[in-house]
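Visitor: Structure provided below as structure tokens; questions to follow.
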Amino acid sequence: MSLPTILICFDTDLQPSVFDAVVAADAGVEHLFRHGGVQPAEVRDLVYGAMFTRAPEDLKKTAVFIGGQDVAAGEELLQQTTACFFGPMRVSVMLDPNGANTTAAAAVLAARKHVALEGAVATVLAATGPVGRRVVRLLARENMHVRVASRRRQRAEEVCTEIRQAVPEASLQPCQTSNEAETASAVDGAQVIVAAGAPGVELLADQTRRQCGQLAVAIDLSAVPPAGIGGIDPQDKAVRRDNHVCYGAIGVGGTKMKIHKAAIKRLFESNTLVLDADEIYAIGKQI
Amino acid sequence: MSLPTILICFDTDLQPSVFDAVVAADAGVEHLFRHGGVQPAEVRDLVYGAMFTRAPEDLKKTAVFIGGQDVAAGEELLQQTTACFFGPMRVSVMLDPNGANTTAAAAVLAARKHVALEGAVATVLAATGPVGRRVVRLLARENMHVRVASRRRQRAEEVCTEIRQAVPEASLQPCQTSNEAETASAVDGAQVIVAAGAPGVELLADQTRRQCGQLAVAIDLSAVPPAGIGGIDPQDKAVRRDNHVCYGAIGVGGTKMKIHKAAIKRLFESNTLVLDADEIYAIGKQI
Amino acid sequence: MSLPTILICFDTDLQPSVFDAVVAADAGVEHLFRHGGVQPAEVRDLVYGAMFTRAPEDLKKTAVFIGGQDVAAGEELLQQTTACFFGPMRVSVMLDPNGANTTAAAAVLAARKHVALEGAVATVLAATGPVGRRVVRLLARENMHVRVASRRRQRAEEVCTEIRQAVPEASLQPCQTSNEAETASAVDGAQVIVAAGAPGVELLADQTRRQCGQLAVAIDLSAVPPAGIGGIDPQDKAVRRDNHVCYGAIGVGGTKMKIHKAAIKRLFESNTLVLDADEIYAIGKQI
């Protein structure tokens, strides 16, 4: 008898995500064991329960998914999870708290459809948040020149330092965007703009966007009005506005969902995967 | 590949109901996502997870069930749930906290087997509780003259006012039943009596019941002795006692269960249903 | 349509055990309803939900599993569960908190492969813990002479009294093992030694073990170094060391897992089973 596929969901929110559960079910997972309000100290026993219940050759039928709205807390659960593994005793695990990894991957894949990324210039607004940092990292891996924008220069510099540790060859430039003039300067000459800010905060004015002469793709990841980039509608999906192509959060959402589902399926092909930003982006490229 | 059916259960109790989960599984639901101790503020994110994960044409394969012992709290979760919906972005939802809707529907269906409801007189004892109010509403929709009985006249009047808002043509009469003489008066001449009180509280004495000359059906919804109506056994199912037919809580339970299961199945035929008392009763009529 | 099998898991830990859930899924259970942090006062409503949702002839498709790290708390949940049953209205239930029952059964089955238990002498070290008490009981039922060892004589005597209530014909001898000399005396002449102590506590020194001239099987149930019995490796599975056969915790684990899975399957063959230490051991014997 073939063993059923099992996805163990660790969620840092008290009520585990329905979104992640539906996607997993639609990816064909047979049993979902969902845990809400998971604390780092609880991870070990839960992961041991995943590691020690099936023969090594069957461990690819068991996997862990880490979600929840607090991305930093999710990252800590991932560390706790992988720290339990030894030798062949491990299961595949995917990190996607608040959809940060699948959203970042979908944004970069959208840009990639319209621009040759290598050597081009991108500006990431609100680059210091969890989604923004992932977008910067993926763009840097594609050998773009990335302007890392934040209201506070120091935070932008910290993120550049952090990303250079993961991508030593990254071409990164920290930018302060504490007012519209600084923002205009940060986006001037960019072929790609990605806004990864909090919902309901405008990061780039409509007028400034229209004046970006080199702009090929503008992507706004905020679904709550007002838009993060003025003039972009959340439903925009490769909509031509002025001289460039625009994507809104919902327009990117279809690709995000496909990546999410594909990544879940991938978890069950081997017991050795750790799917974080880079790995999830790589899966997205293959779709 | 056909998508699996998913029922998302919101329960106001800390431990989500096993009863509701077994019924859902027996109705053929493939994935149950159960949430206990659900607070109104948590509903939005959970419902968004149901709404935004499948294409509109597939949303009928996802549904929400709201349960728990606190009926008022369940009603608030229903409001929060339906408030999330817009346009075609919605899923079907069923409210049955503490079995209130399915029990009320089963009670009225039991009465309907033995009496032509239209124009006849019914007395609902403890009519101001969650089950009682639903029984009154369903009987009023059947054009019965309904005596709405409560120990306190004022509460009875409040329930009449509330139900007239939902059923403007309702023929309702508030009755105070603070002692056996008042109760005898409230049931005098009724063809149908339904007792919807708390477990272990006798609402109508055996002797008073025997003296109801017009009585055709007496239904007691309390399963814990002493019975809500003296002389009725919880197991009674259309048992003839004196000159009328009697039902106890367990006797009504079989029908309640059939209605519950049929309603769950119905949830997955469309994504637009909101199953509250009236809709669940209508489903019961079709069984 | 055939009803699906449902296992309702009561776990005394806040996060219900992943281990127990995977084993249940691998035993073929179709729906798992998992409850964490279950309090005794919550059991009744949950069990009623199991009892009152299916016809008596279908109740064998529903079962309850009680787990969690606190064995005494699990035992209390078992009492609360069985107290709900009446007549044919019951479901099968299995108790295995912290794997105590399946581990004890696997240990005794391991011993039984190498020694004719009847009439032989066994010493159980740390016999007063939850696993130890179960090992003593199973060995006593096999008509062994069992030395019940504890650092404190009084606790050893209490356990002997407790076990004589379940197994009146038991041949039990309380032993104090507060130092190595007392331990050496407790194991002197024993054919079987089982160490059931806390992780990381050495109960029997390597040198003392080597001097046990009659010893046929030594079983250490601690998986965390240092071993409970000096010189035994957790991976030992019938490994010959000196003049006897050795088992470590992981060496016993394969059998434990088979017993666990077989017991879960058994739950769904009837609705009348209560699987505690003796019943689970009996299932293990039949594998």
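Letters A, B, ... mark the chains of the structure tokens in the order given; residue numbers begin at 1 per chain; ligand numbers begin at 1, in order shown.
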From segment 58-194 of chain A, collect each residue whose DSSP state is helix (DSSP H, G or I) and return the set as a VMD selection string.
Guide: chain A and resid 58 to 61 71 to 82 97 to 112 130 to 141 153 to 166 180 to 187
Visitor: Once DSSP has gone over the backbone, tell me which residues of segment 233-268 of chain C are in strand (DSSP E), as a PyMOL selection string.
Guide: chain C and resi 237-241+244-247
Visitor: Write the residues you've just listed into a file as a compact mmCIF listing (two decimals), in the first residue's frame, and include all heavy atoms for each of them.
Guide:
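New file result17.txt:
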```txt
# COMPACT_ATOMS: atom_id res chain seq x y z
N LYS C 237 19.87 -3.92 18.55
CA LYS C 237 18.65 -4.69 18.30
C LYS C 237 19.08 -6.15 18.30
O LYS C 237 19.58 -6.64 17.29
CB LYS C 237 18.03 -4.28 16.98
CG LYS C 237 16.70 -4.97 16.72
CD LYS C 237 16.03 -4.44 15.47
CE LYS C 237 14.71 -5.19 15.27
NZ LYS C 237 13.97 -4.66 14.13
N ALA C 238 18.91 -6.81 19.44
CA ALA C 238 19.35 -8.19 19.59
C ALA C 238 20.85 -8.32 19.35
O ALA C 238 21.31 -9.33 18.80
CB ALA C 238 18.56 -9.12 18.68
N VAL C 239 21.59 -7.31 19.76
CA VAL C 239 23.06 -7.36 19.63
C VAL C 239 23.64 -8.14 20.80
O VAL C 239 23.30 -7.89 21.96
CB VAL C 239 23.64 -5.92 19.63
CG1 VAL C 239 25.17 -5.95 19.75
CG2 VAL C 239 23.21 -5.18 18.37
N ARG C 240 24.48 -9.12 20.50
CA ARG C 240 25.10 -9.93 21.57
C ARG C 240 26.27 -9.15 22.15
O ARG C 240 27.19 -8.75 21.45
CB ARG C 240 25.54 -11.28 21.02
CG ARG C 240 26.13 -12.23 22.06
CD ARG C 240 25.98 -13.68 21.69
NE ARG C 240 24.60 -14.14 21.79
CZ ARG C 240 24.04 -14.56 22.94
NH1 ARG C 240 24.73 -14.61 24.06
NH2 ARG C 240 22.79 -14.96 22.94
N ARG C 241 26.21 -8.87 23.41
CA ARG C 241 27.31 -8.21 24.14
C ARG C 241 27.59 -9.07 25.35
O ARG C 241 26.69 -9.42 26.08
CB ARG C 241 26.91 -6.81 24.60
CG ARG C 241 26.65 -5.83 23.46
CD ARG C 241 26.40 -4.41 23.98
NE ARG C 241 26.04 -3.51 22.89
CZ ARG C 241 26.94 -2.90 22.09
NH1 ARG C 241 28.24 -3.09 22.28
NH2 ARG C 241 26.53 -2.12 21.12
N HIS C 244 25.07 -11.95 26.79
CA HIS C 244 23.62 -11.76 26.68
C HIS C 244 23.28 -10.89 25.47
O HIS C 244 24.15 -10.34 24.82
CB HIS C 244 23.06 -11.16 27.97
CG HIS C 244 23.83 -9.97 28.46
ND1 HIS C 244 24.85 -10.08 29.40
CD2 HIS C 244 23.77 -8.67 28.12
CE1 HIS C 244 25.35 -8.87 29.61
NE2 HIS C 244 24.72 -8.01 28.85
N VAL C 245 21.98 -10.78 25.22
CA VAL C 245 21.48 -10.03 24.08
C VAL C 245 21.05 -8.64 24.56
O VAL C 245 20.44 -8.53 25.63
CB VAL C 245 20.28 -10.79 23.44
CG1 VAL C 245 19.51 -9.89 22.51
CG2 VAL C 245 20.79 -12.03 22.73
N CYS C 246 21.37 -7.60 23.77
CA CYS C 246 21.05 -6.23 24.18
C CYS C 246 20.12 -5.54 23.18
O CYS C 246 20.24 -5.75 21.97
CB CYS C 246 22.33 -5.41 24.32
SG CYS C 246 23.36 -5.93 25.70
N TYR C 247 19.21 -4.73 23.75
CA TYR C 247 18.34 -3.87 22.95
C TYR C 247 18.44 -2.44 23.48
O TYR C 247 18.42 -2.21 24.69
CB TYR C 247 16.88 -4.29 23.09
CG TYR C 247 16.49 -5.52 22.31
CD1 TYR C 247 16.68 -6.79 22.83
CD2 TYR C 247 15.91 -5.40 21.05
CE1 TYR C 247 16.31 -7.92 22.12
CE2 TYR C 247 15.53 -6.53 20.33
CZ TYR C 247 15.74 -7.79 20.87
OH TYR C 247 15.36 -8.90 20.16
```
Visitor: Which residues of chain A come within 7 Å of chain C, and for each one, what is the closest pair of atoms and their distance in Å to one decimal, counting only C-alpha atoms, sorted by chain and residue number, as JSON lines?
Guide:
```
{"residue": "A:Leu3", "atom": "CA", "partner": "C:Asp26", "partner_atom": "CA", "distance": 6.1}
{"residue": "A:Pro4", "atom": "CA", "partner": "C:Asp26", "partner_atom": "CA", "distance": 7.0}
{"residue": "A:His35", "atom": "CA", "partner": "C:Gln15", "partner_atom": "CA", "distance": 6.8}
{"residue": "A:Leu46", "atom": "CA", "partner": "C:Val18", "partner_atom": "CA", "distance": 5.5}
{"residue": "A:Gly49", "atom": "CA", "partner": "C:Phe19", "partner_atom": "CA", "distance": 3.8}
{"residue": "A:Ala50", "atom": "CA", "partner": "C:Phe19", "partner_atom": "CA", "distance": 6.3}
{"residue": "A:Thr53", "atom": "CA", "partner": "C:Phe19", "partner_atom": "CA", "distance": 6.3}
```
Visitor: For the selection just defined, write its residues with N, CA, C and O atoms to a file, as a short mmCIF file (atom, residue, chain, number, x, y, z; two decimals), in the first residue's frame.
Guide:
```cif
data_model
loop_
_atom_site.label_atom_id
_atom_site.label_comp_id
_atom_site.auth_asym_id
_atom_site.auth_seq_id
_atom_site.Cartn_x
_atom_site.Cartn_y
_atom_site.Cartn_z
N LEU A 3 1.94 4.93 0.84
CA LEU A 3 1.66 5.81 1.97
C LEU A 3 1.05 7.12 1.49
O LEU A 3 1.39 7.63 0.42
N PRO A 4 0.15 7.70 2.29
CA PRO A 4 -0.45 8.98 1.89
C PRO A 4 0.56 10.12 2.05
O PRO A 4 1.47 10.05 2.87
N HIS A 35 -1.04 23.24 12.64
CA HIS A 35 -0.73 23.69 14.00
C HIS A 35 -0.68 25.21 14.03
O HIS A 35 0.07 25.82 13.27
N LEU A 46 7.52 18.21 17.33
CA LEU A 46 6.67 18.06 16.14
C LEU A 46 7.48 17.51 14.97
O LEU A 46 7.04 16.61 14.25
N GLY A 49 8.37 13.94 15.27
CA GLY A 49 7.21 13.13 14.89
C GLY A 49 7.14 12.92 13.38
O GLY A 49 6.65 11.89 12.91
N ALA A 50 7.64 13.90 12.62
CA ALA A 50 7.69 13.76 11.16
C ALA A 50 8.85 12.87 10.72
O ALA A 50 8.73 12.08 9.79
N THR A 53 8.75 8.52 11.94
CA THR A 53 7.56 7.69 11.79
C THR A 53 7.54 6.92 10.47
O THR A 53 6.70 6.05 10.29
#
```
Visitor: Quote the spacing between atom CA of Glu75 of chain A and atom CA of Lys61 of chain A in Å to one decimal place.
Guide: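 Straight-line distance from atom CA of Glu75 of chain A to atom CA of Lys61 of chain A works out to 23.1 Å.
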Visitor: Give me the residues near segment 117-131 of chain B as a VMD selection string, where near means some atom within 8 Å (using only C-alpha atoms) and where sequence neighbours in that chain fewer than 3 positions away do not count.
Guide: chain B and resid 71 to 72 100 to 101 103 to 104 111 to 112 134 to 136 139 142 to 151 155 to 156 159 186 to 187 189 to 197 203
Visitor: Selected residues, N, CA and C atoms, written as a short mmCIF file (atom, residue, chain, number, x, y, z; two decimals), in the first residue's frame, please.
Guide:
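What ended up in again.cif:
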```cif
data_model
loop_
_atom_site.label_atom_id
_atom_site.label_comp_id
_atom_site.auth_asym_id
_atom_site.auth_seq_id
_atom_site.Cartn_x
_atom_site.Cartn_y
_atom_site.Cartn_z
N VAL B 71 -24.88 30.40 20.66
CA VAL B 71 -25.57 30.70 19.41
C VAL B 71 -25.37 32.16 19.00
N ALA B 72 -25.44 33.08 19.97
CA ALA B 72 -25.27 34.50 19.63
C ALA B 72 -23.87 34.74 19.06
N ALA B 100 -28.90 24.50 16.70
CA ALA B 100 -30.15 25.25 16.86
C ALA B 100 -31.01 25.22 15.60
N ASN B 101 -30.40 25.42 14.45
CA ASN B 101 -31.19 25.48 13.22
C ASN B 101 -31.71 24.13 12.79
N THR B 103 -32.20 21.54 14.70
CA THR B 103 -33.15 21.06 15.70
C THR B 103 -34.51 21.73 15.51
N ALA B 104 -34.49 23.04 15.32
CA ALA B 104 -35.76 23.76 15.12
C ALA B 104 -36.46 23.25 13.87
N ALA B 111 -43.92 18.22 13.68
CA ALA B 111 -45.29 18.71 13.88
C ALA B 111 -46.10 18.61 12.59
N ARG B 112 -45.44 18.97 11.49
CA ARG B 112 -46.08 19.04 10.19
C ARG B 112 -46.60 17.68 9.68
N ARG B 134 -36.12 30.27 16.81
CA ARG B 134 -36.14 29.71 15.46
C ARG B 134 -37.41 28.90 15.20
N VAL B 135 -37.88 28.17 16.22
CA VAL B 135 -39.13 27.41 16.06
C VAL B 135 -40.28 28.37 15.80
N VAL B 136 -40.34 29.45 16.58
CA VAL B 136 -41.41 30.44 16.39
C VAL B 136 -41.38 30.97 14.96
N LEU B 139 -42.62 28.36 12.43
CA LEU B 139 -44.07 28.14 12.54
C LEU B 139 -44.83 29.35 11.98
N GLU B 142 -45.15 29.31 8.40
CA GLU B 142 -46.18 28.35 7.95
C GLU B 142 -47.59 28.87 8.23
N ASN B 143 -47.68 30.15 8.61
CA ASN B 143 -48.98 30.78 8.84
C ASN B 143 -49.74 30.18 10.01
N MET B 144 -49.02 29.74 11.02
CA MET B 144 -49.68 29.34 12.26
C MET B 144 -49.91 30.59 13.12
N HIS B 145 -50.85 30.47 14.04
CA HIS B 145 -50.97 31.47 15.12
C HIS B 145 -50.05 30.99 16.24
N VAL B 146 -49.02 31.74 16.53
CA VAL B 146 -48.01 31.25 17.46
C VAL B 146 -48.05 32.02 18.77
N ARG B 147 -48.21 31.29 19.85
CA ARG B 147 -48.10 31.89 21.19
C ARG B 147 -46.65 31.77 21.64
N VAL B 148 -46.07 32.92 21.91
CA VAL B 148 -44.64 33.00 22.22
C VAL B 148 -44.51 33.11 23.74
N ALA B 149 -44.15 31.99 24.38
CA ALA B 149 -44.21 31.95 25.84
C ALA B 149 -42.84 32.09 26.49
N SER B 150 -42.82 32.86 27.57
CA SER B 150 -41.59 33.05 28.34
C SER B 150 -41.99 33.33 29.78
N ARG B 151 -41.08 33.03 30.71
CA ARG B 151 -41.40 33.34 32.10
C ARG B 151 -41.65 34.84 32.28
N ARG B 155 -39.72 39.73 27.69
CA ARG B 155 -38.85 39.02 26.75
C ARG B 155 -39.67 38.41 25.62
N ALA B 156 -40.85 37.91 25.96
CA ALA B 156 -41.72 37.35 24.93
C ALA B 156 -42.09 38.42 23.90
N VAL B 159 -39.17 39.16 21.55
CA VAL B 159 -39.00 38.14 20.51
C VAL B 159 -40.05 38.32 19.42
N ALA B 186 -51.61 29.36 28.46
CA ALA B 186 -50.85 29.55 27.21
C ALA B 186 -51.00 28.36 26.26
N VAL B 187 -51.19 27.17 26.81
CA VAL B 187 -51.29 25.99 25.95
C VAL B 187 -52.74 25.61 25.65
N GLY B 189 -56.00 25.08 24.10
CA GLY B 189 -56.51 25.18 22.73
C GLY B 189 -55.47 25.03 21.64
N ALA B 190 -54.21 24.87 22.04
CA ALA B 190 -53.15 24.73 21.03
C ALA B 190 -53.19 23.34 20.41
N GLN B 191 -52.92 23.28 19.09
CA GLN B 191 -52.80 21.97 18.43
C GLN B 191 -51.36 21.45 18.50
N VAL B 192 -50.44 22.41 18.62
CA VAL B 192 -49.02 22.04 18.68
C VAL B 192 -48.37 22.71 19.88
N ILE B 193 -47.62 21.93 20.64
CA ILE B 193 -46.80 22.52 21.72
C ILE B 193 -45.35 22.10 21.47
N VAL B 194 -44.45 23.08 21.50
CA VAL B 194 -43.02 22.76 21.43
C VAL B 194 -42.34 23.36 22.66
N ALA B 195 -41.60 22.54 23.40
CA ALA B 195 -40.85 23.02 24.55
C ALA B 195 -39.38 23.10 24.17
N ALA B 196 -38.82 24.30 24.23
CA ALA B 196 -37.45 24.53 23.76
C ALA B 196 -36.57 25.06 24.89
N GLY B 197 -36.79 24.56 26.09
CA GLY B 197 -36.11 25.12 27.26
C GLY B 197 -34.76 24.51 27.54
N LEU B 203 -41.15 22.51 31.92
CA LEU B 203 -41.88 23.72 31.52
C LEU B 203 -43.38 23.51 31.57
#
```
Visitor: Quick one: residues within 10 Å of segment 86-89 of chain C, only C-alpha atoms counted, chain neighbours fewer than 2 positions away excluded, as an mmCIF file with all heavy atoms, in the first residue's frame?
Guide:
```cif
data_model
loop_
_atom_site.group_PDB
_atom_site.id
_atom_site.type_symbol
_atom_site.label_atom_id
_atom_site.label_comp_id
_atom_site.auth_asym_id
_atom_site.auth_seq_id
_atom_site.Cartn_x
_atom_site.Cartn_y
_atom_site.Cartn_z
ATOM 1 N N TYR C 48 -19.420 12.566 23.190
ATOM 2 C CA TYR C 48 -20.821 12.518 22.747
ATOM 3 C C TYR C 48 -20.890 12.746 21.237
ATOM 4 O O TYR C 48 -21.678 12.109 20.534
ATOM 5 C CB TYR C 48 -21.649 13.571 23.476
ATOM 6 C CG TYR C 48 -22.091 13.169 24.863
ATOM 7 C CD1 TYR C 48 -21.764 11.928 25.406
ATOM 8 C CD2 TYR C 48 -22.859 14.025 25.656
ATOM 9 C CE1 TYR C 48 -22.184 11.563 26.675
ATOM 10 C CE2 TYR C 48 -23.279 13.670 26.928
ATOM 11 C CZ TYR C 48 -22.936 12.435 27.439
ATOM 12 O OH TYR C 48 -23.353 12.074 28.692
ATOM 13 N N ALA C 50 -18.788 11.809 19.139
ATOM 14 C CA ALA C 50 -18.397 10.543 18.501
ATOM 15 C C ALA C 50 -19.501 9.504 18.610
ATOM 16 O O ALA C 50 -19.736 8.728 17.680
ATOM 17 C CB ALA C 50 -17.113 10.020 19.144
ATOM 18 N N MET C 51 -20.198 9.476 19.749
ATOM 19 C CA MET C 51 -21.187 8.428 20.031
ATOM 20 C C MET C 51 -22.512 8.621 19.308
ATOM 21 O O MET C 51 -23.188 7.653 18.958
ATOM 22 C CB MET C 51 -21.483 8.390 21.540
ATOM 23 C CG MET C 51 -20.346 7.882 22.404
ATOM 24 S SD MET C 51 -20.584 8.353 24.159
ATOM 25 C CE MET C 51 -22.166 7.581 24.535
ATOM 26 N N PHE C 52 -22.913 9.882 19.147
ATOM 27 C CA PHE C 52 -24.290 10.155 18.731
ATOM 28 C C PHE C 52 -24.416 10.558 17.268
ATOM 29 O O PHE C 52 -25.435 11.116 16.856
ATOM 30 C CB PHE C 52 -24.896 11.243 19.625
ATOM 31 C CG PHE C 52 -25.059 10.816 21.055
ATOM 32 C CD1 PHE C 52 -24.688 11.656 22.090
ATOM 33 C CD2 PHE C 52 -25.573 9.559 21.372
ATOM 34 C CE1 PHE C 52 -24.832 11.259 23.412
ATOM 35 C CE2 PHE C 52 -25.730 9.154 22.692
ATOM 36 C CZ PHE C 52 -25.354 10.006 23.723
ATOM 37 N N ARG C 54 -23.398 8.391 14.544
ATOM 38 C CA ARG C 54 -23.517 7.268 13.626
ATOM 39 C C ARG C 54 -24.388 6.190 14.258
ATOM 40 O O ARG C 54 -24.466 6.086 15.482
ATOM 41 C CB ARG C 54 -22.126 6.704 13.308
ATOM 42 C CG ARG C 54 -21.288 7.681 12.470
ATOM 43 C CD ARG C 54 -19.868 7.219 12.254
ATOM 44 N NE ARG C 54 -19.296 7.848 11.062
ATOM 45 C CZ ARG C 54 -18.096 7.571 10.577
ATOM 46 N NH1 ARG C 54 -17.325 6.673 11.163
ATOM 47 N NH2 ARG C 54 -17.654 8.174 9.487
ATOM 48 N N ALA C 55 -25.008 5.402 13.426
ATOM 49 C CA ALA C 55 -25.823 4.307 13.926
ATOM 50 C C ALA C 55 -24.924 3.313 14.669
ATOM 51 O O ALA C 55 -23.741 3.181 14.344
ATOM 52 C CB ALA C 55 -26.519 3.622 12.750
ATOM 53 N N PRO C 56 -25.461 2.616 15.675
ATOM 54 C CA PRO C 56 -24.638 1.684 16.458
ATOM 55 C C PRO C 56 -23.801 0.741 15.597
ATOM 56 O O PRO C 56 -22.629 0.492 15.906
ATOM 57 C CB PRO C 56 -25.676 0.921 17.291
ATOM 58 C CG PRO C 56 -26.782 1.910 17.480
ATOM 59 C CD PRO C 56 -26.837 2.707 16.190
ATOM 60 N N GLU C 57 -24.372 0.260 14.491
ATOM 61 C CA GLU C 57 -23.618 -0.695 13.660
ATOM 62 C C GLU C 57 -22.474 -0.014 12.898
ATOM 63 O O GLU C 57 -21.588 -0.689 12.379
ATOM 64 C CB GLU C 57 -24.546 -1.439 12.683
ATOM 65 C CG GLU C 57 -25.206 -0.564 11.634
ATOM 66 C CD GLU C 57 -26.546 0.010 12.103
ATOM 67 O OE1 GLU C 57 -26.773 0.085 13.335
ATOM 68 O OE2 GLU C 57 -27.359 0.387 11.244
ATOM 69 N N LEU C 59 -20.619 2.477 14.416
ATOM 70 C CA LEU C 59 -19.718 3.127 15.387
ATOM 71 C C LEU C 59 -18.313 2.536 15.370
ATOM 72 O O LEU C 59 -17.370 3.147 15.885
ATOM 73 C CB LEU C 59 -20.311 3.070 16.801
ATOM 74 C CG LEU C 59 -21.455 4.062 17.033
ATOM 75 C CD1 LEU C 59 -22.045 3.884 18.431
ATOM 76 C CD2 LEU C 59 -20.965 5.502 16.862
ATOM 77 N N THR C 82 -14.372 6.651 28.744
ATOM 78 C CA THR C 82 -15.159 5.420 28.896
ATOM 79 C C THR C 82 -16.382 5.657 29.780
ATOM 80 O O THR C 82 -17.391 4.961 29.647
ATOM 81 C CB THR C 82 -14.302 4.272 29.459
ATOM 82 O OG1 THR C 82 -13.708 4.707 30.687
ATOM 83 C CG2 THR C 82 -13.189 3.908 28.488
ATOM 84 N N ALA C 83 -16.308 6.660 30.668
ATOM 85 C CA ALA C 83 -17.458 6.968 31.531
ATOM 86 C C ALA C 83 -18.650 7.488 30.730
ATOM 87 O O ALA C 83 -19.786 7.468 31.216
ATOM 88 C CB ALA C 83 -17.057 7.996 32.598
ATOM 89 N N CYS C 84 -18.413 7.938 29.510
ATOM 90 C CA CYS C 84 -19.518 8.451 28.667
ATOM 91 C C CYS C 84 -20.326 7.331 28.033
ATOM 92 O O CYS C 84 -21.472 7.534 27.639
ATOM 93 C CB CYS C 84 -18.967 9.332 27.544
ATOM 94 S SG CYS C 84 -18.167 10.841 28.111
ATOM 95 N N VAL C 91 -17.525 3.852 21.409
ATOM 96 C CA VAL C 91 -16.557 3.686 20.323
ATOM 97 C C VAL C 91 -15.287 3.098 20.925
ATOM 98 O O VAL C 91 -15.048 3.204 22.129
ATOM 99 C CB VAL C 91 -16.230 5.031 19.620
ATOM 100 C CG1 VAL C 91 -17.474 5.629 18.973
ATOM 101 C CG2 VAL C 91 -15.585 6.023 20.573
ATOM 102 N N ASN C 271 -16.558 -1.660 17.956
ATOM 103 C CA ASN C 271 -16.703 -0.393 18.690
ATOM 104 C C ASN C 271 -16.590 -0.590 20.192
ATOM 105 O O ASN C 271 -16.942 0.292 20.966
ATOM 106 C CB ASN C 271 -18.039 0.287 18.355
ATOM 107 C CG ASN C 271 -19.224 -0.465 18.948
ATOM 108 O OD1 ASN C 271 -19.205 -1.688 18.984
ATOM 109 N ND2 ASN C 271 -20.244 0.249 19.398
ATOM 110 N N THR C 272 -16.054 -1.743 20.612
ATOM 111 C CA THR C 272 -16.088 -2.058 22.043
ATOM 112 C C THR C 272 -14.717 -2.149 22.693
ATOM 113 O O THR C 272 -14.610 -2.459 23.879
ATOM 114 C CB THR C 272 -16.797 -3.415 22.266
ATOM 115 O OG1 THR C 272 -16.043 -4.419 21.569
ATOM 116 C CG2 THR C 272 -18.214 -3.393 21.737
#
```
Visitor: Can you pull out every residue within 12 Å of Asp236 of chain A, counting only C-alpha atoms, but drop anything in the same chain fewer than 6 positions away, and send it as a ChimeraX atom specification?
Guide: /A:110,217-223,227,229,245-254
Visitor: Compile the contact shell of Gly284 of chain C as a list in words: residues with an atom at most 8 Å away, counting only C-alpha atoms, same-chain residues fewer than 5 positions apart removed.
Guide: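 Returned residues: Ala105, Ala106, Leu109, Lys258, Ile259 and Ala262 of chain C.
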Visitor: Next, write the just-selected residues to a file, as a tab-separated table (two decimals), in the first residue's frame, keeping all heavy atoms as the atom set.
Guide:
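What landed in out_19.tsv:
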```
chain	number	residue	atom	x	y	z
C	105	ALA	N	5.02	-2.75	25.62
C	105	ALA	CA	4.70	-3.99	24.92
C	105	ALA	C	5.88	-4.44	24.05
C	105	ALA	O	6.23	-5.63	24.03
C	105	ALA	CB	3.45	-3.78	24.05
C	106	ALA	N	6.51	-3.49	23.35
C	106	ALA	CA	7.63	-3.85	22.48
C	106	ALA	C	8.80	-4.38	23.31
C	106	ALA	O	9.50	-5.32	22.90
C	106	ALA	CB	8.07	-2.63	21.66
C	109	LEU	N	7.98	-7.94	24.38
C	109	LEU	CA	8.04	-8.82	23.22
C	109	LEU	C	9.49	-9.11	22.83
C	109	LEU	O	9.82	-10.23	22.41
C	109	LEU	CB	7.30	-8.21	22.03
C	109	LEU	CG	5.77	-8.29	22.13
C	109	LEU	CD1	5.12	-7.45	21.04
C	109	LEU	CD2	5.31	-9.75	22.03
C	258	LYS	N	5.29	-1.09	14.83
C	258	LYS	CA	4.38	-2.10	14.27
C	258	LYS	C	3.18	-2.34	15.18
C	258	LYS	O	2.06	-2.50	14.72
C	258	LYS	CB	5.14	-3.42	14.07
C	258	LYS	CG	5.94	-3.47	12.78
C	258	LYS	CD	6.63	-4.82	12.63
C	258	LYS	CE	7.83	-4.69	11.70
C	258	LYS	NZ	8.78	-5.80	11.85
C	259	ILE	N	3.45	-2.39	16.49
C	259	ILE	CA	2.36	-2.60	17.45
C	259	ILE	C	1.39	-1.44	17.39
C	259	ILE	O	0.17	-1.60	17.36
C	259	ILE	CB	2.92	-2.75	18.88
C	259	ILE	CG1	3.84	-3.97	18.98
C	259	ILE	CG2	1.80	-2.83	19.90
C	259	ILE	CD1	4.61	-4.05	20.29
C	262	ALA	N	-0.70	-1.62	14.24
C	262	ALA	CA	-1.66	-2.74	14.30
C	262	ALA	C	-2.79	-2.41	15.26
C	262	ALA	O	-3.96	-2.74	15.00
C	262	ALA	CB	-0.93	-4.01	14.73
```
